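So this one's model19.txt, compact mmCIF, C-alpha atoms and all ligand atoms:
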```txt
# COMPACT_ATOMS: atom_id res chain seq x y z
CA MET T 1 4.47 -9.14 -8.58
CA LEU T 2 5.59 -11.63 -5.97
CA THR T 3 8.74 -12.39 -7.92
CA ALA T 4 9.58 -8.68 -7.88
CA LEU T 5 8.99 -8.58 -4.14
CA GLU T 6 11.14 -11.63 -3.61
CA GLN T 7 13.99 -10.12 -5.63
CA TYR T 8 13.83 -6.66 -4.14
CA ASP T 9 12.97 -7.40 -0.52
CA PRO T 10 13.45 -11.06 0.37
CA GLN T 11 12.87 -10.34 4.07
CA ILE T 12 9.37 -8.96 3.56
CA TYR T 13 8.65 -11.50 0.82
CA GLU T 14 9.41 -14.27 3.27
CA LEU T 15 7.08 -12.78 5.89
CA VAL T 16 4.29 -12.41 3.33
CA ARG T 17 4.87 -15.99 2.26
CA GLN T 18 4.73 -17.18 5.86
CA GLU T 19 1.48 -15.30 6.51
CA GLY T 20 -0.02 -16.89 3.37
CA ALA T 21 1.07 -20.30 4.61
CA ARG T 22 -0.37 -19.58 8.07
CA GLN T 23 -3.73 -18.50 6.65
CA SER T 24 -3.77 -21.63 4.53
CA ALA T 25 -2.90 -24.03 7.34
CA CYS T 26 -5.43 -22.95 9.92
CA VAL T 27 -9.19 -22.75 10.24
CA ARG T 28 -10.00 -19.06 10.34
CA LEU T 29 -13.16 -18.35 12.31
CA ILE T 30 -12.85 -14.62 13.00
CA PRO T 31 -16.22 -13.49 11.61
CA SER T 32 -14.86 -10.27 10.10
CA GLU T 33 -12.19 -12.08 8.07
CA ASN T 34 -12.28 -13.82 4.71
CA TYR T 35 -10.18 -14.75 1.69
CA VAL T 36 -10.52 -12.43 -1.31
CA SER T 37 -10.38 -13.61 -4.91
CA ARG T 38 -7.33 -13.39 -7.14
CA ALA T 39 -9.07 -10.60 -9.10
CA VAL T 40 -9.66 -8.51 -5.96
CA MET T 41 -6.08 -9.09 -4.83
CA LEU T 42 -4.68 -8.02 -8.21
CA ALA T 43 -6.84 -4.89 -8.37
CA SER T 44 -5.71 -3.98 -4.83
CA GLY T 45 -2.08 -4.29 -5.82
CA SER T 46 -2.48 -2.49 -9.15
CA CYS T 47 -1.01 0.78 -10.50
CA LEU T 48 -4.05 2.62 -9.17
CA THR T 49 -2.11 2.86 -5.92
CA ASN T 50 0.01 5.50 -7.68
CA LYS T 51 -2.82 7.96 -8.32
CA TYR T 52 -4.12 10.86 -6.26
CA ALA T 53 -7.75 11.73 -7.00
CA GLU T 54 -9.05 14.23 -4.45
CA GLY T 55 -12.65 15.03 -5.26
CA TYR T 56 -15.22 12.96 -7.10
CA PRO T 57 -15.62 11.82 -10.74
CA GLY T 58 -15.85 14.89 -12.97
CA LYS T 59 -14.78 17.21 -10.15
CA ARG T 60 -11.22 16.48 -9.06
CA TYR T 61 -8.47 18.70 -7.77
CA TYR T 62 -5.69 16.91 -9.67
CA GLU T 63 -5.31 16.14 -13.36
CA GLY T 64 -4.86 12.77 -15.00
CA GLN T 65 -8.25 11.42 -13.93
CA GLN T 66 -9.30 9.93 -17.28
CA ILE T 67 -9.28 6.41 -15.85
CA THR T 68 -9.91 6.99 -12.14
CA ASP T 69 -13.19 8.76 -12.96
CA LEU T 70 -14.34 5.74 -14.92
CA ILE T 71 -13.31 3.28 -12.23
CA GLU T 72 -14.98 5.18 -9.39
CA THR T 73 -18.13 5.64 -11.47
CA VAL T 74 -18.30 1.90 -12.14
CA ALA T 75 -17.77 1.13 -8.44
CA ARG T 76 -20.55 3.55 -7.44
CA GLN T 77 -22.95 2.17 -10.06
CA ARG T 78 -22.29 -1.41 -8.99
CA ALA T 79 -22.80 -0.51 -5.32
CA LYS T 80 -26.08 1.30 -6.10
CA LYS T 81 -27.29 -1.66 -8.12
CA ILE T 82 -26.59 -4.46 -5.67
CA PHE T 83 -27.70 -2.55 -2.58
CA LYS T 84 -30.63 -0.90 -4.42
CA ALA T 85 -29.56 2.50 -3.09
CA ASP T 86 -30.03 5.99 -4.57
CA HIS T 87 -26.43 7.00 -3.94
CA ALA T 88 -23.13 5.35 -3.06
CA ASN T 89 -19.86 6.79 -1.81
CA VAL T 90 -17.02 4.28 -2.17
CA GLN T 91 -14.23 6.46 -0.79
CA PRO T 92 -14.22 5.83 3.01
CA TYR T 93 -10.91 4.29 4.02
CA SER T 94 -12.65 1.99 6.49
CA GLY T 95 -15.90 1.28 8.31
CA SER T 96 -14.85 3.50 11.21
CA VAL T 97 -14.31 6.50 8.94
CA ALA T 98 -17.54 5.72 7.08
CA ASN T 99 -19.47 5.79 10.36
CA LEU T 100 -17.94 9.10 11.44
CA ALA T 101 -18.74 10.59 8.03
CA ALA T 102 -22.34 9.34 8.26
CA TYR T 103 -22.83 11.10 11.59
CA LEU T 104 -21.14 14.33 10.49
CA ALA T 105 -23.25 14.38 7.32
CA LEU T 106 -26.41 14.55 9.42
CA ILE T 107 -25.64 16.20 12.78
CA LYS T 108 -23.17 18.42 14.62
CA PRO T 109 -20.61 17.60 17.32
CA GLY T 110 -22.33 17.77 20.72
CA ASP T 111 -25.59 16.31 19.38
CA THR T 112 -26.89 13.07 20.85
CA ILE T 113 -26.37 9.69 19.18
CA MET T 114 -27.66 6.32 20.36
CA GLY T 115 -25.99 3.07 19.37
CA LEU T 116 -25.50 -0.44 20.70
CA ALA T 117 -22.96 -0.63 23.55
CA LEU T 118 -19.67 -2.28 22.60
CA PRO T 119 -19.90 -5.06 25.23
CA HIS T 120 -23.38 -5.90 23.91
CA GLY T 121 -22.11 -6.37 20.35
CA GLY T 122 -21.91 -2.79 19.09
CA HIS T 123 -18.84 -1.16 17.55
CA LEU T 124 -16.41 1.36 19.03
CA THR T 125 -17.66 3.93 16.52
CA HIS T 126 -21.29 3.53 17.61
CA GLY T 127 -20.51 5.99 20.40
CA TRP T 128 -18.39 3.94 22.78
CA LYS T 129 -16.68 6.28 25.24
CA VAL T 130 -13.04 5.66 24.23
CA SER T 131 -13.85 6.31 20.55
CA LEU T 132 -13.90 9.78 19.03
CA THR T 133 -17.62 9.16 18.40
CA GLY T 134 -18.13 8.84 22.16
CA LYS T 135 -16.23 12.04 22.81
CA ILE T 136 -17.47 14.51 20.21
CA PHE T 137 -21.09 13.40 20.41
CA ASN T 138 -23.30 13.05 23.46
CA SER T 139 -23.52 9.28 23.33
CA MET T 140 -26.33 7.16 24.81
CA GLN T 141 -26.08 3.41 24.47
CA TYR T 142 -28.66 0.65 24.35
CA GLY T 143 -28.07 -3.04 25.06
CA VAL T 144 -29.59 -6.42 24.39
CA SER T 145 -32.09 -8.05 26.73
CA ALA T 146 -30.43 -9.85 29.67
CA GLU T 147 -32.96 -12.69 29.35
CA THR T 148 -32.88 -13.36 25.60
CA GLY T 149 -29.62 -11.83 24.40
CA ARG T 150 -31.70 -10.23 21.64
CA PHE T 151 -32.93 -6.71 21.02
CA ASP T 152 -35.92 -5.66 23.06
CA TYR T 153 -37.31 -3.11 20.61
CA ASP T 154 -39.79 -1.70 23.17
CA GLN T 155 -36.91 -0.99 25.52
CA ILE T 156 -34.92 0.68 22.70
CA ARG T 157 -37.99 2.78 21.81
CA ASP T 158 -38.44 3.88 25.47
CA LEU T 159 -34.76 4.80 25.70
CA ALA T 160 -34.98 6.78 22.46
CA LYS T 161 -38.07 8.64 23.68
CA LYS T 162 -36.29 9.50 26.91
CA ASN T 163 -32.95 10.58 25.38
CA LYS T 164 -34.18 12.11 22.13
CA PRO T 165 -31.10 11.25 20.05
CA LYS T 166 -30.57 12.92 16.70
CA ILE T 167 -29.21 9.66 15.28
CA ILE T 168 -30.13 6.09 16.14
CA ILE T 169 -27.55 3.56 14.96
CA SER T 170 -28.54 0.01 14.11
CA GLY T 171 -26.02 -2.70 13.31
CA CYS T 172 -23.54 -4.75 15.25
CA THR T 173 -20.23 -6.59 15.35
CA ALA T 174 -21.20 -9.43 17.67
CA TYR T 175 -24.96 -9.95 17.40
CA PRO T 176 -25.86 -13.40 16.08
CA ARG T 177 -29.50 -12.67 15.27
CA GLU T 178 -31.50 -11.07 12.47
CA ILE T 179 -31.87 -7.32 12.99
CA ASN T 180 -35.25 -5.72 12.36
CA PHE T 181 -34.15 -2.57 10.53
CA GLU T 182 -37.75 -1.59 9.86
CA ILE T 183 -38.46 -1.22 13.58
CA PHE T 184 -35.24 0.77 14.04
CA GLY T 185 -36.44 3.05 11.22
CA ASP T 186 -39.87 3.42 12.86
CA ILE T 187 -38.34 4.26 16.24
CA ALA T 188 -36.09 6.87 14.64
CA LYS T 189 -39.10 8.45 12.91
CA GLU T 190 -41.13 8.44 16.13
CA VAL T 191 -38.47 10.43 17.98
CA GLY T 192 -37.47 12.63 15.06
CA ALA T 193 -34.02 11.03 14.69
CA TYR T 194 -32.05 9.95 11.66
CA HIS T 195 -31.43 6.24 11.26
CA VAL T 196 -27.87 5.21 10.39
CA SER T 197 -27.40 1.50 9.84
CA ASP T 198 -23.97 -0.14 9.99
CA ILE T 199 -24.10 -3.46 8.14
CA ALA T 200 -20.33 -4.04 8.00
CA HIS T 201 -20.67 -7.61 9.22
CA ILE T 202 -23.68 -8.72 7.22
CA SER T 203 -23.45 -6.74 3.97
CA GLY T 204 -22.64 -9.90 1.99
CA LEU T 205 -25.75 -11.55 3.43
CA VAL T 206 -27.77 -8.43 2.61
CA VAL T 207 -26.77 -8.26 -1.07
CA ALA T 208 -27.46 -11.97 -1.38
CA GLY T 209 -30.96 -11.46 0.07
CA ILE T 210 -30.26 -13.70 3.07
CA HIS T 211 -30.67 -10.83 5.53
CA LYS T 212 -33.26 -8.09 5.05
CA SER T 213 -31.71 -4.86 3.81
CA PRO T 214 -31.80 -1.66 5.88
CA VAL T 215 -31.61 0.50 2.73
CA PRO T 216 -35.38 1.25 2.62
CA TYR T 217 -35.47 2.07 6.33
CA ALA T 218 -32.27 4.02 6.96
CA ASP T 219 -31.13 7.51 6.02
CA ILE T 220 -27.57 6.30 5.59
CA VAL T 221 -26.20 2.76 5.44
CA SER T 222 -22.55 2.22 6.27
CA THR T 223 -20.51 -0.86 5.53
CA THR T 224 -17.03 -2.21 5.23
CA THR T 225 -16.21 -3.85 1.93
CA HIS T 226 -14.44 -6.93 3.28
CA LYS T 227 -15.98 -9.35 5.82
CA THR T 228 -18.96 -11.22 4.29
CA LEU T 229 -18.85 -8.95 1.21
CA ARG T 230 -15.40 -10.44 0.46
CA GLY T 231 -13.76 -7.37 -1.05
CA PRO T 232 -10.65 -5.40 -0.08
CA ARG T 233 -10.30 -3.61 3.26
CA GLY T 234 -12.37 -0.47 2.81
CA GLY T 235 -15.60 1.34 3.61
CA MET T 236 -18.68 2.51 1.79
CA LEU T 237 -21.76 4.67 2.40
CA LEU T 238 -25.15 4.24 0.75
CA CYS T 239 -27.90 6.77 1.16
CA LYS T 240 -31.11 8.29 -0.04
CA ALA T 241 -30.76 10.94 -2.77
CA GLU T 242 -31.59 13.75 -0.35
CA HIS T 243 -28.44 13.00 1.70
CA ALA T 244 -26.06 12.40 -1.23
CA ASP T 245 -24.42 15.81 -1.19
CA LYS T 246 -23.97 15.91 2.57
CA VAL T 247 -22.50 12.39 2.60
CA ASP T 248 -20.02 13.19 -0.15
CA LYS T 249 -18.93 16.42 1.55
CA ALA T 250 -18.56 14.67 4.92
CA VAL T 251 -16.21 12.07 3.42
CA PHE T 252 -14.25 14.56 1.28
CA PRO T 253 -13.22 17.18 2.24
CA GLY T 254 -14.83 16.66 5.66
CA ILE T 255 -12.73 13.80 6.94
CA GLN T 256 -10.50 12.41 4.23
CA GLY T 257 -8.08 13.60 1.60
CA GLY T 258 -7.24 11.55 -1.48
CA PRO T 259 -9.25 8.37 -1.95
CA HIS T 260 -7.36 5.07 -2.18
CA MET T 261 -8.01 4.38 -5.85
CA HIS T 262 -6.45 0.90 -5.75
CA THR T 263 -8.94 -0.06 -3.04
CA ILE T 264 -11.84 1.49 -4.96
CA THR T 265 -10.74 -0.53 -8.01
CA ALA T 266 -10.80 -3.71 -5.94
CA ILE T 267 -14.16 -2.74 -4.42
CA ALA T 268 -15.56 -2.49 -7.96
CA VAL T 269 -14.34 -6.02 -8.67
CA ALA T 270 -15.76 -7.39 -5.42
CA LEU T 271 -19.14 -5.78 -6.11
CA ALA T 272 -19.30 -7.52 -9.49
CA GLU T 273 -18.42 -10.82 -7.81
CA ALA T 274 -21.18 -10.25 -5.26
CA ASP T 275 -23.69 -9.74 -8.07
CA THR T 276 -23.64 -13.39 -9.14
CA PRO T 277 -25.64 -16.55 -8.35
CA GLU T 278 -22.39 -18.09 -7.03
CA PHE T 279 -22.17 -15.37 -4.40
CA VAL T 280 -25.78 -15.94 -3.35
CA ALA T 281 -25.02 -19.66 -2.92
CA TYR T 282 -21.89 -18.71 -0.95
CA ALA T 283 -23.86 -16.42 1.39
CA LYS T 284 -26.52 -19.10 1.97
CA GLN T 285 -23.80 -21.61 2.83
CA ILE T 286 -22.20 -19.18 5.32
CA VAL T 287 -25.44 -19.21 7.34
CA LYS T 288 -25.97 -22.98 6.99
CA ASN T 289 -22.44 -23.55 8.26
CA ALA T 290 -22.90 -21.18 11.20
CA LYS T 291 -26.15 -22.90 12.17
CA ALA T 292 -24.56 -26.37 11.94
CA MET T 293 -21.59 -25.23 14.04
CA ALA T 294 -23.90 -23.63 16.61
CA GLU T 295 -26.03 -26.78 16.91
CA LYS T 296 -22.98 -28.96 17.49
CA LEU T 297 -21.57 -26.52 20.05
CA LEU T 298 -24.88 -26.63 21.92
CA GLU T 299 -24.78 -30.45 21.84
CA CYS T 300 -21.30 -30.24 23.35
CA GLY T 301 -22.71 -28.23 26.26
CA PHE T 302 -21.61 -24.74 25.23
CA ASN T 303 -23.93 -21.85 26.02
CA LEU T 304 -24.41 -19.47 23.12
CA ALA T 305 -25.45 -15.82 23.45
CA SER T 306 -29.11 -15.65 22.35
CA GLY T 307 -29.11 -19.46 22.11
CA GLY T 308 -27.86 -19.78 18.53
CA THR T 309 -27.43 -17.84 15.31
CA ASP T 310 -29.33 -16.51 12.31
CA ASN T 311 -26.29 -15.15 10.52
CA HIS T 312 -22.57 -15.77 10.06
CA LEU T 313 -21.45 -15.50 13.66
CA ILE T 314 -21.65 -17.28 16.98
CA LEU T 315 -20.88 -15.86 20.40
CA ILE T 316 -20.02 -18.53 22.99
CA ASP T 317 -20.67 -17.69 26.63
CA LEU T 318 -17.94 -19.68 28.39
CA ARG T 319 -19.00 -19.04 31.97
CA ASN T 320 -20.41 -22.56 32.47
CA LYS T 321 -17.13 -24.00 31.18
CA ASN T 322 -15.06 -21.96 33.61
CA ILE T 323 -12.51 -21.04 30.94
CA PRO T 324 -11.69 -17.40 30.26
CA GLY T 325 -12.23 -16.43 26.61
CA LYS T 326 -8.62 -15.36 26.17
CA LYS T 327 -7.24 -18.66 27.48
CA LEU T 328 -9.42 -20.67 25.11
CA ALA T 329 -8.70 -18.39 22.13
CA LYS T 330 -4.96 -18.85 22.70
CA ALA T 331 -5.24 -22.64 23.10
CA LEU T 332 -7.34 -22.77 19.90
CA ASP T 333 -4.72 -20.71 18.09
CA ARG T 334 -2.14 -23.36 19.04
CA ALA T 335 -4.59 -25.92 17.61
CA ARG T 336 -4.67 -23.98 14.30
CA ILE T 337 -8.20 -22.61 14.97
CA GLU T 338 -8.26 -18.82 14.82
CA THR T 339 -10.98 -17.04 16.84
CA ASN T 340 -11.22 -13.92 18.97
CA TYR T 341 -12.06 -13.59 22.63
CA ASN T 342 -15.00 -11.27 23.07
CA THR T 343 -17.23 -9.77 25.73
CA ILE T 344 -20.66 -11.28 26.17
CA PRO T 345 -23.65 -9.04 27.05
CA ASN T 346 -23.44 -8.03 30.74
CA ASP T 347 -20.06 -9.70 31.03
CA PRO T 348 -18.89 -9.85 34.66
CA ALA T 349 -15.27 -10.15 33.42
CA PRO T 350 -13.18 -7.24 32.11
CA PRO T 351 -12.96 -6.61 28.30
CA ALA T 352 -9.25 -7.55 28.28
CA ASN T 353 -10.12 -11.01 29.59
CA PRO T 354 -13.79 -11.51 28.80
CA SER T 355 -16.08 -14.51 29.14
CA GLY T 356 -16.85 -15.03 25.47
CA LEU T 357 -15.44 -16.33 22.24
CA ARG T 358 -16.60 -15.04 18.84
CA LEU T 359 -16.67 -17.33 15.82
CA GLY T 360 -17.83 -16.92 12.24
CA THR T 361 -18.02 -18.92 9.04
CA PRO T 362 -17.30 -16.55 6.09
CA ALA T 363 -13.68 -17.69 5.59
CA ILE T 364 -14.20 -21.45 5.97
CA THR T 365 -17.14 -21.20 3.55
CA THR T 366 -14.90 -19.53 0.97
CA ARG T 367 -12.65 -22.61 1.28
CA GLY T 368 -15.63 -24.77 0.35
CA MET T 369 -16.31 -26.20 3.78
CA LYS T 370 -19.88 -27.30 4.44
CA GLU T 371 -22.02 -28.33 7.43
CA GLU T 372 -20.03 -31.55 8.00
CA GLN T 373 -16.79 -29.62 8.45
CA ALA T 374 -18.55 -26.93 10.53
CA ARG T 375 -19.73 -29.64 12.94
CA GLN T 376 -16.29 -31.22 13.00
CA ILE T 377 -14.72 -27.85 13.83
CA ALA T 378 -17.19 -27.48 16.73
CA GLU T 379 -15.97 -30.86 17.99
CA PHE T 380 -12.35 -29.69 17.71
CA ILE T 381 -13.25 -26.59 19.73
CA ASN T 382 -14.88 -28.78 22.36
CA LYS T 383 -11.84 -31.05 22.54
CA VAL T 384 -9.53 -28.09 23.06
CA ALA T 385 -11.88 -26.58 25.67
CA GLU T 386 -11.92 -29.89 27.58
CA ASN T 387 -8.13 -30.14 27.39
CA VAL T 388 -7.17 -26.51 27.58
CA ASP T 389 -4.03 -27.27 29.66
CA ASN T 390 -3.06 -30.45 27.82
CA GLU T 391 -0.57 -29.58 25.10
CA SER T 392 -0.39 -33.07 23.61
CA VAL T 393 -4.16 -33.11 22.96
CA ILE T 394 -3.93 -29.59 21.50
CA GLU T 395 -1.10 -30.77 19.25
CA GLN T 396 -3.21 -33.70 18.04
CA VAL T 397 -6.13 -31.34 17.25
CA ALA T 398 -3.69 -29.11 15.34
CA LYS T 399 -2.72 -32.13 13.20
CA ASP T 400 -6.39 -32.98 12.54
CA VAL T 401 -7.09 -29.35 11.59
CA LEU T 402 -4.12 -29.34 9.23
CA LEU T 403 -5.47 -32.44 7.51
CA MET T 404 -8.87 -30.79 7.13
CA CYS T 405 -7.23 -27.65 5.72
CA SER T 406 -5.35 -29.71 3.14
CA GLN T 407 -8.68 -31.10 1.92
CA PHE T 408 -10.12 -27.58 1.50
CA PRO T 409 -7.31 -25.49 0.00
CA VAL T 410 -7.64 -21.73 0.01
CA PRO T 411 -7.96 -19.95 -3.37
CA GLU T 412 -4.78 -20.75 -5.26
CA HIS T 413 -3.43 -17.19 -5.41
CA PHE T 414 -2.92 -17.46 -1.72
CA ILE T 415 -0.26 -20.10 -1.90
CA ILE T 416 3.04 -18.28 -2.24
CA PRO T 417 5.73 -20.77 -3.22
CA ASN T 418 8.56 -21.40 -0.86
CA LYS T 419 11.50 -21.75 -3.18
CA LYS T 420 13.98 -22.70 -0.47
N1 LIG I 1 -12.97 -5.17 13.98
C1 LIG I 1 -14.18 -5.58 13.32
C2 LIG I 1 -14.66 -6.89 13.78
O1 LIG I 1 -13.84 -7.78 13.95
O2 LIG I 1 -15.84 -7.08 13.98
C3 LIG I 1 -15.22 -4.54 13.42
O3 LIG I 1 -14.73 -3.38 12.91
```

Show me this structure written as structure tokens.
Amino acid sequence: MLTALEQYDPQIYELVRQEGARQSACVRLIPSENYVSRAVMLASGSCLTNKYAEGYPGKRYYEGQQITDLIETVARQRAKKIFKADHANVQPYSGSVANLAAYLALIKPGDTIMGLALPHGGHLTHGWKVSLTGKIFNSMQYGVSAETGRFDYDQIRDLAKKNKPKIIISGCTAYPREINFEIFGDIAKEVGAYHVSDIAHISGLVVAGIHKSPVPYADIVSTTTHKTLRGPRGGMLLCKAEHADKVDKAVFPGIQGGPHMHTITAIAVALAEADTPEFVAYAKQIVKNAKAMAEKLLECGFNLASGGTDNHLILIDLRNKNIPGKKLAKALDRARIETNYNTIPNDPAPPANPSGLRLGTPAITTRGMKEEQARQIAEFINKVAENVDNESVIEQVAKDVLLMCSQFPVPEHFIIPNKK
């Protein structure tokens, strides 16, 4: 396939090659990113991209569905099996669309939803005001405790009793601690709300049994299929049997048209990969690496939101270091360490230049890095933070990172040969 690309469009081939080389020659710590397997990559780029399949297996609006029906059925069965769910919809184009579909399956525009505020680690689509979900629903937001950086479930319960939401959303994009989905489910029941749980970040940890699953405690569970789950970029909804029809109708025809069958094919592959002992070992190592990195960062004098991590991500509060998150993220990028600047709970700085830095270990763990490398990366981060205006030190760190990367090559399909 790459040869064809090179012959037909050398300009784009060269850019794809350069991006492959970039991803190979840096330490990627953005917690929502990963490296997918050769099998997932091939399925994503397969002939299934050519097929329209509006509808669901056995009930499509276009002909020629002999194979697509089989593929989507396999993907749904695999999702139901590994998440232990009654029903799975594998068609959402992304996590954002999946979340919107989950809400519209259960409630009407104008109804009240209650999710975690974006600056506290929630997602745009949990009702943040600039998102459609914050405009078409009456959105109330909860936060994390100012003292602990963790959820104060009593506070969330009080807020729910006061605001009487129709949906309570659990799940986060920048919360480093275990989430008690059972309590979220109880609170929702107490106030007569539905519980929608968005496990986009931790779904790989959930299927591996490293993080407790929300499936028994939520009406609908939403996830992306990449991140820790290590599949293609896509979304998925899991739900109890009673909501199956409403969920399917909300996705199609409610929000989407034709499903991306090439993505669904790759999701099916990723779900099979996640159903293996190797994946469980991978997920365990993600958390071990995050804990080792967090401990070393603490030793280096960094403050961490909530004081550490239970999962794949770390949120550094840089206020004691007096370095804006964006400045450090850019210096780290020059040192071949890829992170993202992020708000911290109750951040006094604006979101465009916040006080935090978000890190995660899914991608480095896929490369085979272990606790030793995680600690070493924390030391690199410290060195850059201490020399944020010193380009020669940053250049030296970049060389050290490159050496480390060469010792932990990315999956071989990622290396696109430079024939020049
Ligand atoms: N943008 C994703 C993340 O980085 O967490 C969430 O959708």

Can you pull out every residue with an atom within 9 Å of ligand LIG 1 (chain I)? Use all atoms listed in the file and format it as a ChimeraX atom specification.
/T:30-33,94-96,121-125,172-174,200-201,224,227,340

Give me, please, the distance in Å between CA of Ala53 (chain T) and CA of Met236 (chain T), quoted to one decimal.
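About the pair CA of Ala53 (chain T) and CA of Met236 (chain T): they are 16.8 Å apart.
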
Counting only C-alpha atoms, which residues have an atom no more than 12 Å from (-28.1, -2.4, -1.7) in the file's coordinates? Please list them as an MDAnalysis selection string.
chainID T and resid 76:88 199 202:209 211:218 220:223 229 236:240 271 274:275

What does the file look like for those residues with C-alpha atoms, as an mmCIF file, keeping the file's coordinate frame?
```
data_model
loop_
_atom_site.group_PDB
_atom_site.id
_atom_site.type_symbol
_atom_site.label_atom_id
_atom_site.label_comp_id
_atom_site.auth_asym_id
_atom_site.auth_seq_id
_atom_site.Cartn_x
_atom_site.Cartn_y
_atom_site.Cartn_z
ATOM 1 C CA ARG T 76 -20.550 3.550 -7.440
ATOM 2 C CA GLN T 77 -22.950 2.170 -10.060
ATOM 3 C CA ARG T 78 -22.290 -1.410 -8.990
ATOM 4 C CA ALA T 79 -22.800 -0.510 -5.320
ATOM 5 C CA LYS T 80 -26.080 1.300 -6.100
ATOM 6 C CA LYS T 81 -27.290 -1.660 -8.120
ATOM 7 C CA ILE T 82 -26.590 -4.460 -5.670
ATOM 8 C CA PHE T 83 -27.700 -2.550 -2.580
ATOM 9 C CA LYS T 84 -30.630 -0.900 -4.420
ATOM 10 C CA ALA T 85 -29.560 2.500 -3.090
ATOM 11 C CA ASP T 86 -30.030 5.990 -4.570
ATOM 12 C CA HIS T 87 -26.430 7.000 -3.940
ATOM 13 C CA ALA T 88 -23.130 5.350 -3.060
ATOM 14 C CA ILE T 199 -24.100 -3.460 8.140
ATOM 15 C CA ILE T 202 -23.680 -8.720 7.220
ATOM 16 C CA SER T 203 -23.450 -6.740 3.970
ATOM 17 C CA GLY T 204 -22.640 -9.900 1.990
ATOM 18 C CA LEU T 205 -25.750 -11.550 3.430
ATOM 19 C CA VAL T 206 -27.770 -8.430 2.610
ATOM 20 C CA VAL T 207 -26.770 -8.260 -1.070
ATOM 21 C CA ALA T 208 -27.460 -11.970 -1.380
ATOM 22 C CA GLY T 209 -30.960 -11.460 0.070
ATOM 23 C CA HIS T 211 -30.670 -10.830 5.530
ATOM 24 C CA LYS T 212 -33.260 -8.090 5.050
ATOM 25 C CA SER T 213 -31.710 -4.860 3.810
ATOM 26 C CA PRO T 214 -31.800 -1.660 5.880
ATOM 27 C CA VAL T 215 -31.610 0.500 2.730
ATOM 28 C CA PRO T 216 -35.380 1.250 2.620
ATOM 29 C CA TYR T 217 -35.470 2.070 6.330
ATOM 30 C CA ALA T 218 -32.270 4.020 6.960
ATOM 31 C CA ILE T 220 -27.570 6.300 5.590
ATOM 32 C CA VAL T 221 -26.200 2.760 5.440
ATOM 33 C CA SER T 222 -22.550 2.220 6.270
ATOM 34 C CA THR T 223 -20.510 -0.860 5.530
ATOM 35 C CA LEU T 229 -18.850 -8.950 1.210
ATOM 36 C CA MET T 236 -18.680 2.510 1.790
ATOM 37 C CA LEU T 237 -21.760 4.670 2.400
ATOM 38 C CA LEU T 238 -25.150 4.240 0.750
ATOM 39 C CA CYS T 239 -27.900 6.770 1.160
ATOM 40 C CA LYS T 240 -31.110 8.290 -0.040
ATOM 41 C CA LEU T 271 -19.140 -5.780 -6.110
ATOM 42 C CA ALA T 274 -21.180 -10.250 -5.260
ATOM 43 C CA ASP T 275 -23.690 -9.740 -8.070
#
```

Who sits within 7 Å of region 287-290 of chain T, all atoms listed in the file, same chain under 2 positions skipped, as an MDAnalysis selection string:
chainID T and resid 283:285 292:294 309:313 360:361 370:371 374

Within 10 Å of Gly45 (chain T), counting all atoms listed in the file, which residues qualify if same-chain residues fewer than 2 places away don't, as a ChimeraX atom specification?
/T:1,39-43,47-49,262-263,265-266

With all atoms listed in the file as the atoms that count, which of T:Pro348, T:Gly134, T:Pro277, T:Pro92 lies nearest to Pro109 (chain T)?
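Closest to Pro109 (chain T), using all atoms listed in the file: T:Gly134.
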
Of the candidates T:Val401, T:Ala244, T:Ile71, T:Val36, which one gets nearest to Asn89 (chain T) if we count all atoms listed in the file?
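Looking at the shortest contact to Asn89 (chain T), the residue is T:Ala244.
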
Can you pull out every residue within 12 Å of Leu298 (chain T), counting all atoms listed in the file, but drop anything in the same chain fewer than 5 positions away, and send it as a PyMOL selection string?
chain T and resi 291-293+303-309+314-318+375+378-379+381-382

Determine the nearest neighbour of Pro362 (chain T) from the options T:Thr339, T:Asn346, T:Ser131, T:Thr228, counting only C-alpha atoms.
T:Thr228

Can you fill out region 268-272 of chain T with N, CA, C and O atoms and hand it back as a PDB file, keeping the file's coordinate frame?
```pdb
ATOM      1  N   ALA T 268     -14.748  -2.305  -6.741  1.00  0.00           N
ATOM      2  CA  ALA T 268     -15.560  -2.490  -7.960  1.00  0.00           C
ATOM      3  C   ALA T 268     -15.581  -3.960  -8.373  1.00  0.00           C
ATOM      4  O   ALA T 268     -16.642  -4.516  -8.697  1.00  0.00           O
ATOM      5  N   VAL T 269     -14.421  -4.600  -8.300  1.00  0.00           N
ATOM      6  CA  VAL T 269     -14.340  -6.020  -8.670  1.00  0.00           C
ATOM      7  C   VAL T 269     -15.185  -6.867  -7.711  1.00  0.00           C
ATOM      8  O   VAL T 269     -15.963  -7.736  -8.127  1.00  0.00           O
ATOM      9  N   ALA T 270     -15.030  -6.600  -6.412  1.00  0.00           N
ATOM     10  CA  ALA T 270     -15.760  -7.390  -5.420  1.00  0.00           C
ATOM     11  C   ALA T 270     -17.279  -7.220  -5.583  1.00  0.00           C
ATOM     12  O   ALA T 270     -18.048  -8.176  -5.397  1.00  0.00           O
ATOM     13  N   LEU T 271     -17.701  -6.014  -5.946  1.00  0.00           N
ATOM     14  CA  LEU T 271     -19.140  -5.780  -6.110  1.00  0.00           C
ATOM     15  C   LEU T 271     -19.689  -6.569  -7.300  1.00  0.00           C
ATOM     16  O   LEU T 271     -20.820  -7.066  -7.252  1.00  0.00           O
ATOM     17  N   ALA T 272     -18.873  -6.690  -8.356  1.00  0.00           N
ATOM     18  CA  ALA T 272     -19.300  -7.520  -9.490  1.00  0.00           C
ATOM     19  C   ALA T 272     -19.371  -8.990  -9.070  1.00  0.00           C
ATOM     20  O   ALA T 272     -20.308  -9.709  -9.427  1.00  0.00           O
TER      21      ALA T 272
END
```
